[in-house]
Every structure is written in structure tokens, then in C-alpha cells.
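Participant: Just one file: start-v9.txt, with compact mmCIF, C-alpha atoms and all ligand atoms.
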```txt
# COMPACT_ATOMS: atom_id res chain seq x y z
CA MET U 37 0.00 0.00 0.00
CA SER U 38 1.51 3.31 -0.99
CA GLU U 39 -0.65 5.87 0.86
CA PRO U 40 0.66 6.84 4.32
CA GLN U 41 -0.64 4.67 7.13
CA LEU U 42 -1.25 5.90 10.67
CA ILE U 43 -0.32 2.60 12.26
CA GLU U 44 1.49 -0.33 10.70
CA ALA U 45 2.22 -3.75 12.14
CA ASN U 46 4.88 -5.83 10.43
CA ASP U 47 5.17 -9.60 10.90
CA LEU U 48 4.00 -9.46 14.51
CA VAL U 49 4.41 -12.57 16.62
CA LYS U 50 3.36 -12.82 20.26
CA THR U 51 4.14 -15.99 22.14
CA TYR U 52 2.91 -16.67 25.67
CA THR U 53 4.43 -19.31 27.90
CA MET U 54 1.93 -21.32 29.89
CA ARG U 55 2.63 -23.77 32.69
CA ARG U 56 0.13 -26.20 34.17
CA GLY U 57 0.75 -26.16 37.95
CA VAL U 58 4.06 -25.27 39.59
CA PHE U 59 5.97 -28.27 38.22
CA GLY U 60 4.18 -28.51 34.87
CA LYS U 61 6.15 -28.42 31.64
CA PRO U 62 5.93 -25.00 30.00
CA SER U 63 4.06 -24.84 26.71
CA HIS U 64 4.09 -22.01 24.23
CA VAL U 65 1.06 -20.42 22.65
CA ARG U 66 1.51 -18.29 19.55
CA ALA U 67 -1.43 -15.93 20.17
CA VAL U 68 -0.39 -13.79 17.19
CA ASP U 69 1.57 -15.58 14.53
CA GLY U 70 3.03 -13.34 11.83
CA VAL U 71 0.46 -10.60 11.34
CA SER U 72 1.00 -7.54 9.17
CA LEU U 73 -1.72 -4.93 8.94
CA SER U 74 -2.15 -1.20 8.76
CA VAL U 75 -4.77 1.45 9.38
CA ALA U 76 -4.88 4.58 7.23
CA PRO U 77 -5.69 7.90 8.91
CA LYS U 78 -9.43 8.51 9.44
CA THR U 79 -10.43 4.99 8.43
CA THR U 80 -11.64 1.95 10.34
CA LEU U 81 -10.13 -1.49 10.12
CA GLY U 82 -12.40 -4.19 11.54
CA ILE U 83 -10.53 -7.14 13.07
CA VAL U 84 -12.84 -10.15 13.38
CA GLY U 85 -12.53 -13.77 14.40
CA GLU U 86 -13.69 -16.27 16.99
CA SER U 87 -12.59 -16.27 20.60
CA GLY U 88 -8.91 -17.18 20.87
CA SER U 89 -7.96 -15.96 17.40
CA GLY U 90 -5.62 -13.35 18.85
CA LYS U 91 -7.67 -10.18 18.32
CA SER U 92 -7.20 -8.69 21.79
CA THR U 93 -3.51 -9.54 21.78
CA MET U 94 -3.27 -7.71 18.45
CA GLY U 95 -4.99 -4.68 20.01
CA ARG U 96 -2.52 -4.57 22.91
CA LEU U 97 0.43 -4.92 20.53
CA LEU U 98 -0.85 -2.06 18.37
CA LEU U 99 -0.99 0.24 21.40
CA GLY U 100 2.42 -0.83 22.67
CA LEU U 101 0.80 -2.19 25.86
CA GLU U 102 2.73 -5.37 25.20
CA ALA U 103 5.97 -5.87 23.31
CA PRO U 104 5.88 -8.29 20.38
CA THR U 105 8.01 -11.42 20.53
CA GLU U 106 8.95 -10.69 16.91
CA GLY U 107 8.08 -7.99 14.41
CA SER U 108 7.40 -4.30 14.90
CA VAL U 109 4.71 -1.63 15.14
CA ARG U 110 5.10 1.87 13.73
CA PHE U 111 2.80 4.73 14.67
CA ASP U 112 2.85 7.72 12.31
CA GLY U 113 6.17 6.47 10.93
CA GLU U 114 7.81 6.08 14.34
CA ALA U 115 8.80 2.75 15.92
CA MET U 116 6.59 2.04 18.94
CA PRO U 117 8.54 3.07 22.07
CA ALA U 118 8.80 0.70 25.03
CA LEU U 119 5.87 0.67 27.47
CA ARG U 120 5.80 3.46 30.07
CA THR U 121 8.77 5.36 28.67
CA PRO U 122 8.22 9.14 28.38
CA ARG U 123 8.01 8.82 24.58
CA TRP U 124 5.38 6.07 24.85
CA ARG U 125 3.37 8.21 27.30
CA SER U 126 3.31 11.12 24.90
CA LEU U 127 2.30 8.86 21.98
CA ARG U 128 -0.39 7.38 24.23
CA ALA U 129 -2.30 10.69 24.09
CA ARG U 130 -2.58 10.08 20.32
CA MET U 131 -3.86 6.49 20.57
CA GLN U 132 -6.45 5.30 23.04
CA LEU U 133 -8.21 2.08 24.01
CA VAL U 134 -11.92 1.41 24.49
CA PHE U 135 -12.65 -2.06 25.73
CA GLN U 136 -15.61 -4.25 26.46
CA ASP U 137 -16.41 -3.67 30.09
CA PRO U 138 -17.01 -0.02 30.99
CA LEU U 139 -17.51 -0.84 34.65
CA ALA U 140 -14.03 -2.35 34.84
CA ALA U 141 -12.59 0.62 32.94
CA LEU U 142 -14.09 3.17 35.33
CA ASP U 143 -13.36 3.83 38.99
CA ARG U 144 -16.63 3.57 40.89
CA ARG U 145 -15.48 6.03 43.59
CA ILE U 146 -14.74 8.89 41.19
CA SER U 147 -17.34 11.09 39.47
CA ILE U 148 -17.57 10.62 35.74
CA GLY U 149 -16.63 14.25 35.08
CA ALA U 150 -13.38 13.76 36.98
CA GLN U 151 -12.68 10.53 35.10
CA ILE U 152 -13.27 12.12 31.71
CA GLY U 153 -10.94 14.96 32.71
CA GLU U 154 -8.22 12.61 33.96
CA PRO U 155 -6.31 12.19 30.67
CA LEU U 156 -6.39 15.98 30.22
CA ALA U 157 -4.83 16.41 33.65
CA ILE U 158 -2.25 13.67 33.01
CA HIS U 159 -1.20 15.26 29.75
CA ALA U 160 -1.41 18.75 31.29
CA VAL U 161 -3.88 20.06 28.72
CA GLY U 162 -5.03 23.62 29.55
CA SER U 163 -5.87 25.20 32.93
CA GLU U 164 -8.21 23.54 35.40
CA GLU U 165 -11.06 25.76 34.25
CA GLU U 166 -10.38 24.99 30.60
CA ARG U 167 -10.37 21.30 31.42
CA ARG U 168 -13.77 21.63 33.13
CA GLY U 169 -15.14 23.29 29.99
CA ARG U 170 -13.63 20.54 27.87
CA VAL U 171 -15.27 17.85 30.02
CA ASP U 172 -18.64 19.56 29.45
CA GLU U 173 -18.02 19.53 25.68
CA LEU U 174 -17.01 15.87 25.76
CA LEU U 175 -20.13 14.87 27.72
CA VAL U 176 -22.29 16.53 25.09
CA ALA U 177 -20.23 15.07 22.23
CA VAL U 178 -20.99 11.55 23.44
CA GLY U 179 -24.68 12.22 24.01
CA LEU U 180 -24.65 12.77 27.79
CA ARG U 181 -25.73 15.86 29.72
CA ARG U 182 -23.42 18.36 31.40
CA ASP U 183 -25.13 17.83 34.76
CA GLN U 184 -24.20 14.14 34.60
CA ALA U 185 -20.58 15.10 35.33
CA GLU U 186 -21.29 14.78 39.06
CA ARG U 187 -22.73 11.27 38.75
CA TYR U 188 -20.88 8.05 39.60
CA PRO U 189 -20.52 5.05 37.26
CA HIS U 190 -23.09 2.88 39.10
CA GLU U 191 -25.72 5.61 38.65
CA LEU U 192 -25.57 5.21 34.86
CA SER U 193 -26.79 2.50 32.49
CA GLY U 194 -24.32 0.22 30.65
CA GLY U 195 -24.67 2.23 27.43
CA GLN U 196 -24.12 5.52 29.27
CA ARG U 197 -21.04 4.12 30.99
CA GLN U 198 -19.59 3.12 27.63
CA ARG U 199 -20.25 6.70 26.46
CA VAL U 200 -18.21 7.93 29.44
CA VAL U 201 -15.36 5.59 28.50
CA ILE U 202 -15.50 6.90 24.92
CA ALA U 203 -15.54 10.51 26.13
CA ARG U 204 -12.44 9.82 28.19
CA ALA U 205 -10.77 8.05 25.26
CA ILE U 206 -11.30 11.02 22.92
CA ALA U 207 -10.40 13.66 25.54
CA THR U 208 -6.85 14.09 24.26
CA SER U 209 -8.06 14.22 20.60
CA PRO U 210 -6.37 10.94 19.64
CA GLU U 211 -5.78 10.02 16.02
CA LEU U 212 -6.34 6.32 16.71
CA LEU U 213 -8.85 4.43 18.84
CA VAL U 214 -8.42 0.73 19.40
CA CYS U 215 -11.90 -0.52 20.26
CA ASP U 216 -11.84 -4.07 21.67
CA GLU U 217 -15.37 -5.52 21.62
CA PRO U 218 -16.73 -2.11 22.67
CA VAL U 219 -20.39 -3.10 22.40
CA SER U 220 -20.33 -6.82 23.27
CA ALA U 221 -21.50 -6.26 26.84
CA LEU U 222 -24.44 -4.06 25.77
CA ASP U 223 -28.04 -4.89 24.79
CA VAL U 224 -28.52 -5.14 21.02
CA SER U 225 -30.64 -1.95 20.89
CA ILE U 226 -27.94 -0.01 22.75
CA GLN U 227 -25.17 -1.53 20.59
CA ALA U 228 -26.48 0.29 17.52
CA GLN U 229 -26.51 3.62 19.39
CA VAL U 230 -22.92 3.24 20.55
CA ILE U 231 -21.78 2.19 17.05
CA ASN U 232 -23.54 5.26 15.63
CA LEU U 233 -21.79 7.41 18.20
CA LEU U 234 -18.38 5.99 17.24
CA ARG U 235 -19.12 6.51 13.54
CA ASP U 236 -20.25 10.04 14.20
CA LEU U 237 -17.14 10.85 16.25
CA GLN U 238 -14.95 9.34 13.58
CA GLU U 239 -16.53 11.48 10.87
CA LYS U 240 -16.48 14.70 12.88
CA ARG U 241 -13.05 14.26 14.43
CA GLY U 242 -11.29 12.22 11.77
CA ILE U 243 -10.24 9.47 14.17
CA ALA U 244 -8.85 6.19 12.78
CA MET U 245 -10.04 2.99 14.43
CA ALA U 246 -8.98 -0.58 14.84
CA PHE U 247 -12.32 -2.13 15.72
CA ILE U 248 -12.05 -5.60 17.23
CA SER U 249 -15.13 -7.82 17.37
CA HIS U 250 -16.19 -11.46 17.16
CA ASP U 251 -19.43 -10.19 15.60
CA LEU U 252 -19.29 -9.52 11.87
CA LYS U 253 -22.70 -7.80 12.01
CA VAL U 254 -21.25 -5.10 14.23
CA VAL U 255 -18.12 -4.68 12.11
CA ARG U 256 -20.21 -4.33 8.96
CA ASN U 257 -21.71 -1.12 10.32
CA ILE U 258 -18.45 0.60 10.97
CA ALA U 259 -15.43 -0.82 9.09
CA ASP U 260 -13.95 0.42 5.81
CA ARG U 261 -11.67 -2.60 5.65
CA VAL U 262 -11.91 -5.94 7.42
CA ALA U 263 -9.16 -8.35 8.52
CA VAL U 264 -10.39 -11.84 9.43
CA MET U 265 -8.22 -13.67 11.97
CA TYR U 266 -8.02 -17.39 12.60
CA LEU U 267 -5.62 -18.89 15.14
CA GLY U 268 -3.32 -15.90 15.30
CA ARG U 269 -3.14 -15.20 11.58
CA ILE U 270 -5.04 -13.06 9.12
CA VAL U 271 -6.74 -15.35 6.62
CA GLU U 272 -8.42 -12.64 4.56
CA GLU U 273 -8.28 -8.87 4.32
CA ALA U 274 -10.29 -6.67 1.98
CA ALA U 275 -12.58 -3.67 1.73
CA SER U 276 -15.62 -4.23 3.91
CA GLU U 277 -18.02 -4.31 0.95
CA ASP U 278 -15.92 -6.99 -0.79
CA ILE U 279 -15.79 -9.11 2.36
CA PHE U 280 -19.57 -9.05 2.64
CA ARG U 281 -20.38 -9.25 -1.08
CA SER U 282 -17.89 -11.93 -2.09
CA PRO U 283 -15.91 -13.48 0.75
CA LEU U 284 -13.04 -15.58 -0.62
CA HIS U 285 -11.67 -17.61 2.27
CA PRO U 286 -13.94 -20.51 3.34
CA TYR U 287 -13.73 -19.27 6.95
CA THR U 288 -14.86 -15.77 5.94
CA GLN U 289 -17.61 -17.34 3.84
CA ALA U 290 -18.88 -19.20 6.91
CA LEU U 291 -18.79 -16.05 9.07
CA VAL U 292 -20.50 -13.94 6.40
CA SER U 293 -23.17 -16.58 5.76
CA SER U 294 -24.48 -16.01 9.26
CA VAL U 295 -24.99 -12.27 8.75
CA PRO U 296 -28.28 -11.23 7.15
CA VAL U 297 -27.73 -8.60 4.46
CA PRO U 298 -30.61 -6.09 4.19
CA GLY U 299 -32.27 -6.20 0.77
CA THR U 300 -30.76 -9.52 -0.32
CA ALA U 301 -31.94 -13.10 0.00
CA LEU U 302 -30.49 -14.91 3.00
CA ARG U 303 -27.49 -16.98 1.93
CA ASP U 304 -27.34 -20.63 2.83
CA ARG U 305 -25.83 -20.65 6.27
CA ILE U 306 -22.51 -22.50 6.45
CA ILE U 307 -22.30 -24.20 9.82
CA LEU U 308 -18.69 -24.54 10.97
CA GLN U 309 -17.91 -28.14 11.84
CA GLY U 310 -15.34 -29.45 14.30
CA GLU U 311 -13.55 -28.00 17.28
CA PRO U 312 -13.31 -24.25 17.85
CA PRO U 313 -9.76 -22.99 17.30
CA ASN U 314 -7.28 -23.77 20.06
CA PRO U 315 -3.91 -21.97 19.79
CA ALA U 316 -2.32 -24.61 22.06
CA ALA U 317 -3.09 -27.30 19.45
CA ARG U 318 -2.62 -25.70 16.03
CA PRO U 319 -3.39 -28.14 13.22
CA ALA U 320 -0.63 -28.72 10.66
CA GLY U 321 -0.91 -27.19 7.20
CA CYS U 322 -3.76 -24.69 6.94
CA ALA U 323 -4.96 -24.24 10.54
CA PHE U 324 -8.56 -24.07 9.29
CA HIS U 325 -8.46 -27.35 7.32
CA PRO U 326 -10.17 -29.57 9.96
CA ARG U 327 -13.27 -27.36 9.71
CA CYS U 328 -13.14 -26.56 6.01
CA GLY U 329 -15.64 -28.10 3.62
CA HIS U 330 -13.26 -27.53 0.67
CA ALA U 331 -10.03 -28.95 2.18
CA VAL U 332 -7.82 -31.10 -0.05
CA GLU U 333 -4.66 -33.06 0.81
CA ARG U 334 -2.38 -30.04 0.28
CA CYS U 335 -4.31 -28.09 2.97
CA ARG U 336 -3.41 -30.76 5.54
CA VAL U 337 0.33 -30.47 5.00
CA GLU U 338 1.23 -27.08 3.58
CA THR U 339 0.56 -23.72 5.27
CA PRO U 340 -0.89 -21.26 2.74
CA GLU U 341 0.84 -17.91 2.27
CA PHE U 342 -1.15 -14.70 2.78
CA VAL U 343 -1.04 -13.33 -0.75
CA THR U 344 -2.64 -10.66 -2.91
CA ILE U 345 -5.55 -12.13 -4.87
CA GLU U 346 -6.56 -8.90 -6.57
CA ALA U 347 -5.93 -5.21 -5.91
CA GLY U 348 -6.74 -4.48 -2.26
CA ARG U 349 -7.61 -8.11 -1.43
CA LYS U 350 -5.45 -10.70 0.26
CA ALA U 351 -6.19 -14.23 1.40
CA ALA U 352 -4.35 -17.26 2.78
CA CYS U 353 -5.96 -20.30 1.14
CA HIS U 354 -4.57 -22.84 -1.33
CA LEU U 355 -7.89 -22.88 -3.13
CA VAL U 356 -8.15 -19.13 -3.56
CA THR U 357 -5.97 -17.80 -6.35
CA SER U 358 -6.90 -14.93 -8.60
CA ALA U 359 -8.00 -17.48 -11.23
CA SER U 360 -10.09 -19.56 -8.84
CA ALA U 361 -11.51 -16.71 -6.75
CA SER U 362 -14.68 -16.33 -8.77
CA THR U 363 -15.42 -20.06 -8.65
CA LEU U 364 -14.97 -20.30 -4.90
CA MET U 365 -17.05 -17.17 -4.35
CA GLU U 366 -19.99 -18.83 -6.06
CA SER U 367 -19.63 -22.21 -4.37
N1 LIG U 401 -1.48 -12.81 28.94
C1 LIG U 401 -1.66 -14.01 28.40
N2 LIG U 401 -1.01 -15.09 28.89
C2 LIG U 401 -1.14 -16.32 28.35
N3 LIG U 401 -1.93 -16.58 27.28
C3 LIG U 401 -2.60 -15.56 26.74
C4 LIG U 401 -2.50 -14.22 27.26
N4 LIG U 401 -3.28 -13.41 26.51
C5 LIG U 401 -3.84 -14.19 25.56
N5 LIG U 401 -3.43 -15.47 25.71
C6 LIG U 401 -3.83 -16.61 24.86
O1 LIG U 401 -3.64 -16.20 23.51
C7 LIG U 401 -4.71 -16.67 22.69
C8 LIG U 401 -5.36 -15.50 21.99
O2 LIG U 401 -6.05 -14.70 22.95
P1 LIG U 401 -6.76 -13.32 22.61
O3 LIG U 401 -7.44 -12.86 23.86
O4 LIG U 401 -5.82 -12.41 21.94
O5 LIG U 401 -7.87 -13.78 21.56
P2 LIG U 401 -9.23 -13.10 21.16
O6 LIG U 401 -9.42 -13.41 19.71
O7 LIG U 401 -9.23 -11.68 21.55
O8 LIG U 401 -10.27 -13.91 21.98
P3 LIG U 401 -11.30 -13.42 23.11
O9 LIG U 401 -12.37 -12.69 22.38
O10 LIG U 401 -11.73 -14.68 23.75
O11 LIG U 401 -10.47 -12.54 24.03
C9 LIG U 401 -5.65 -17.42 23.62
O12 LIG U 401 -5.36 -18.79 23.53
C10 LIG U 401 -5.30 -16.92 24.99
O13 LIG U 401 -5.53 -17.90 25.97
```
Please express what this file holds, its structure, as C-alpha cells.
Facilitator:
Amino acid sequence: MSEPQLIEANDLVKTYTMRRGVFGKPSHVRAVDGVSLSVAPKTTLGIVGESGSGKSTMGRLLLGLEAPTEGSVRFDGEAMPALRTPRWRSLRARMQLVFQDPLAALDRRISIGAQIGEPLAIHAVGSEEERRGRVDELLVAVGLRRDQAERYPHELSGGQRQRVVIARAIATSPELLVCDEPVSALDVSIQAQVINLLRDLQEKRGIAMAFISHDLKVVRNIADRVAVMYLGRIVEEAASEDIFRSPLHPYTQALVSSVPVPGTALRDRIILQGEPPNPAARPAGCAFHPRCGHAVERCRVETPEFVTIEAGRKAACHLVTSASASTLMES
């Protein structure tokens, strides 16, 4: 990709060492296994996949909250500084995290106004009075009222609490938000409101987003591009409309088949067979082959490369080549 990217991850690997009991033999889990991706300014990349596919680990690596075992992250052209160094802290004002559980993200003993103002105080933005004015603006920007500044987290609904978390995340006018399952804990009716809020903020403030979700329906409403992860790797990446109109990878096809598309006939739902992905027991060859209805012998032994299929579209599947893409799309 030639246009400048706000954040770029190159060949990221993150390995965790696990030990069963004190004397157990250590085993290694490759939570992220060679991922390259990027997010252009003011755009949203959706990162989707089942539980355990490495999405949250990817989010932490992008923000520099964890160091990769291999590979690198660059933010606005600069190598990600080590966690908690002064340089990292100043970059942190430009990239923020919104995660699933607003109650865990907020301190129940501190008023929401004070919590929204916290990043402004940490980064010494303006005088105290200016910061109070800014908190008022932020409350309104996320659809809350100024007088709610004095409330405490438990006095608000789940959706309102997530709005507080978002207000705090955008307080320092970041260029990037990493949203990790930001609506998964909310009722479906509230989910749509929070997604609309994020879209609105993105449009008005030009924020880029890495939007992590297991739910393709949610991603559809917000992402410009979508990366589909399976067992620590990206198996397909394309413009959102291409992913939904003509998914190439059999795993993406299965995920997309479960999402109703307004105005089109419901596709035949592809039910995924077999065990859900387990990074501690990665199958040989293509990691998806035990659950793939198209798998051939080669898929059992040879790991497919993540390659460009056509302009702006990449996939990792032996059966998807530019010549075969149209056939597989129709199957
Ligand atoms: N700090 C950690 N220590 C050990 N293993 C970890 C750690 N963080 C993640 N893992 C393991 O890495 C794998 C990927 O986890 P990750 O949370 O990134 O996936 P995910 O796609 O976000 O799934 P979920 O939605 O369930 O969080 C899992 O097998 C998980 O158990």
C-alpha cells in the first residue's frame, strides 16, 4: 500500500508461555503468529474472528501495551517506544483504548466528570477551568448531559457508561482508537446507538479505528476494511463491501453466511464443523483445514501464504488464487 498509514504492524508474533501447575512443563502459545496490517488515517479497520484468534492480543500490541516477541509496530512512521517510557506516554495521548467492560474501565469512587478529565490532567492540557469546559463539551459530544458530570458510574446504564469511556478516550483528541469488543457487553438496541456514536465521532473528528469484534454484524456497520483472523493469523483482508459481497476464504464465507444482508436473500448458512480454534493445538498445514468443507490433501500439509488475490484483497488459502476466486465465491 503506498498511501501513508497511521499505524502499521509488520510480521508481529506474540508468544505466551503457559505452565500447568508449579511443576508442569511449560508450553508455548503463539497468540499472534506473523500478522501484518495497517490502518490509514481517518479509516476503520475491523478485526474479526472467533474467541482465541488473537484479536485482543493484536490490540494490545498495536498500542504498545505489550511488546511483540517478533516484528514491529510503527505509529505515524515512528517505531513504537517501550511501554511506560516518556516517549510512549506522549504517543499514548494520540492512541487510546476502548474495551468491552465499561464498569471495569471506570473507577466507581470517582465522578464521571473527573474521570473524563483525567487524561487531560495527566497530559497537562489547559488550565483547570479549561479542562472543566472541555469535560462539558465531551459529555455533550458523546450524548450525555453536562449535569451528569457529578454522577458516579453505578448511577448510569451500561450504554451511558460506555459513552463515558469513549468521552475519556477522545479527551486528548487521539488520532487512533483501538476498540476491543466495545459493544459486546451491551443490549442489542444499545449496541447500535454506541456504534452510531463511534461513527459520528470518527466522521467529525477524523479518528482512525482498529475495531475488534467477534461479531461480523457489528463490524459491517463501521469498518472500511476488514481483517479476518483465525488462530493468530489473518486469513483474509479486503474492503468491507468486498468481504460481505464476495468473501473468498472458506472461513470468511462461513462467518458472512451467518450475517443477514438487508435487501438480499439470506445466503445458505454455512455451519462450521469441528472443534473451535485452540492456539495450544494448532493443526498442521492450513490451521482451518479440519473445519473446512473444501479442504484437499495439500491443505493438511502445507501452510498457505497470505497473498494478494486482486488489488486491495489478500487471502491465505490454497484454493483461492486470482484465477479460482470467482469459482470459490460462487460455491
Ligand atoms: N497474557 C496471556 N497469557 C497467556 N496466554 C494468553 C495471554 N493473553 C492471551 N493469551 C492466549 O492467547 C490466545 C489468543 O487470545 P486473545 O485474547 O488475543 O484472543 P481473542 O481473539 O481476543 O479472543 P477473546 O475474544 O476470547 O479474548 C488465547 O489462547 C489466549 O488464551
Participant: How big is the axis-aligned box around all listed atoms of ligand LIG 401 (chain U) once 6 Å goes on each side, and where's its centre, in Å to one decimal, as AutoDock Vina command-line options?
Facilitator:
```
--center_x -6.7 --center_y -15.2 --center_z 24.3 --size_x 23.4 --size_y 19.1 --size_z 21.2
```
Participant: Taking only C-alpha atoms and all ligand atoms into account, list the residues no farther than 9 Å from ligand LIG 401 (chain U), as JSON, numbers by chain.
Facilitator: {"U": [50, 51, 52, 53, 54, 64, 65, 66, 67, 68, 84, 85, 86, 87, 88, 89, 90, 91, 92, 93, 94, 95, 96, 216, 217, 248, 249, 250, 265, 266, 267, 268, 313, 314, 315, 316]}
Participant: Can you work out which one of U:Arg349, U:Arg336, U:Arg144, U:His159 has the shortest atom-to-atom distance to Arg187 of chain U, counting all atoms listed in the file?
Facilitator: U:Arg144
Participant: Mind checking which residues fall within 12 Å of segment 178-181 of chain U, counting only C-alpha atoms, ignoring those fewer than 2 positions away in the same chain, and posting them as number ranges by chain?
Facilitator: U: 148-149, 152, 171-176, 183-187, 192-193, 195-207, 229-238, 240
Participant: Select, from U:His190, U:Arg128, U:Arg170, U:Arg261, the residue with the minimum atom-to-atom distance to Val214 of chain U, counting all atoms listed in the file.
Facilitator: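 Under the stated criterion, the closest residue is U:Arg128.
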Participant: I'd like the interatomic distance between atom CA of Glu44 of chain U and atom CA of Ala351 of chain U, to a tenth of an Å.
Facilitator: 18.4 Å
Participant: Could you rebuild segment 92-120 of chain U with N, CA and C atoms and give me the result as a compact mmCIF listing (two decimals), keeping the file's coordinate frame?
Facilitator:
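Result file selection_10.txt:
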```
# COMPACT_ATOMS: atom_id res chain seq x y z
N SER U 92 -7.53 -9.60 20.69
CA SER U 92 -7.20 -8.69 21.79
C SER U 92 -5.69 -8.53 21.93
N THR U 93 -4.97 -9.63 21.72
CA THR U 93 -3.51 -9.54 21.78
C THR U 93 -3.03 -8.55 20.72
N MET U 94 -3.62 -8.63 19.54
CA MET U 94 -3.27 -7.71 18.45
C MET U 94 -3.51 -6.27 18.89
N GLY U 95 -4.66 -6.03 19.55
CA GLY U 95 -4.99 -4.68 20.01
C GLY U 95 -3.94 -4.16 20.99
N ARG U 96 -3.52 -5.01 21.92
CA ARG U 96 -2.52 -4.57 22.91
C ARG U 96 -1.17 -4.31 22.24
N LEU U 97 -0.84 -5.13 21.24
CA LEU U 97 0.43 -4.92 20.53
C LEU U 97 0.41 -3.60 19.76
N LEU U 98 -0.75 -3.30 19.15
CA LEU U 98 -0.85 -2.06 18.37
C LEU U 98 -0.63 -0.83 19.25
N LEU U 99 -1.11 -0.91 20.49
CA LEU U 99 -0.99 0.24 21.40
C LEU U 99 0.33 0.25 22.16
N GLY U 100 1.15 -0.77 21.94
CA GLY U 100 2.42 -0.83 22.67
C GLY U 100 2.23 -1.22 24.13
N LEU U 101 1.03 -1.77 24.47
CA LEU U 101 0.80 -2.19 25.86
C LEU U 101 1.55 -3.48 26.16
N GLU U 102 1.87 -4.20 25.08
CA GLU U 102 2.73 -5.37 25.20
C GLU U 102 3.76 -5.29 24.08
N ALA U 103 4.94 -5.86 24.35
CA ALA U 103 5.97 -5.87 23.31
C ALA U 103 5.82 -7.14 22.49
N PRO U 104 5.96 -7.05 21.17
CA PRO U 104 5.88 -8.29 20.38
C PRO U 104 7.09 -9.18 20.61
N THR U 105 6.90 -10.48 20.45
CA THR U 105 8.01 -11.42 20.53
C THR U 105 8.90 -11.24 19.29
N GLU U 106 8.25 -11.02 18.16
CA GLU U 106 8.95 -10.69 16.91
C GLU U 106 8.13 -9.64 16.18
N GLY U 107 8.79 -8.96 15.24
CA GLY U 107 8.08 -7.99 14.41
C GLY U 107 8.05 -6.61 15.05
N SER U 108 7.38 -5.67 14.41
CA SER U 108 7.40 -4.30 14.90
C SER U 108 6.09 -3.57 14.59
N VAL U 109 5.87 -2.51 15.37
CA VAL U 109 4.71 -1.63 15.14
C VAL U 109 5.26 -0.22 14.93
N ARG U 110 4.74 0.47 13.94
CA ARG U 110 5.10 1.87 13.73
C ARG U 110 3.83 2.71 13.81
N PHE U 111 3.92 3.80 14.57
CA PHE U 111 2.80 4.73 14.67
C PHE U 111 3.24 6.04 14.03
N ASP U 112 2.52 6.48 13.02
CA ASP U 112 2.85 7.72 12.31
C ASP U 112 4.33 7.72 11.91
N GLY U 113 4.80 6.58 11.44
CA GLY U 113 6.17 6.47 10.93
C GLY U 113 7.23 6.20 11.99
N GLU U 114 6.81 6.22 13.27
CA GLU U 114 7.81 6.08 14.34
C GLU U 114 7.69 4.70 15.01
N ALA U 115 8.84 4.05 15.25
CA ALA U 115 8.80 2.75 15.92
C ALA U 115 8.17 2.90 17.29
N MET U 116 7.30 1.96 17.66
CA MET U 116 6.59 2.04 18.94
C MET U 116 7.60 2.02 20.09
N PRO U 117 7.60 3.06 20.94
CA PRO U 117 8.54 3.07 22.07
C PRO U 117 8.14 2.03 23.12
N ALA U 118 9.08 1.69 23.98
CA ALA U 118 8.80 0.70 25.03
C ALA U 118 7.75 1.26 26.00
N LEU U 119 6.96 0.35 26.54
CA LEU U 119 5.87 0.67 27.47
C LEU U 119 6.37 1.56 28.62
N ARG U 120 5.58 2.55 28.94
CA ARG U 120 5.80 3.46 30.07
C ARG U 120 7.05 4.34 29.98
```
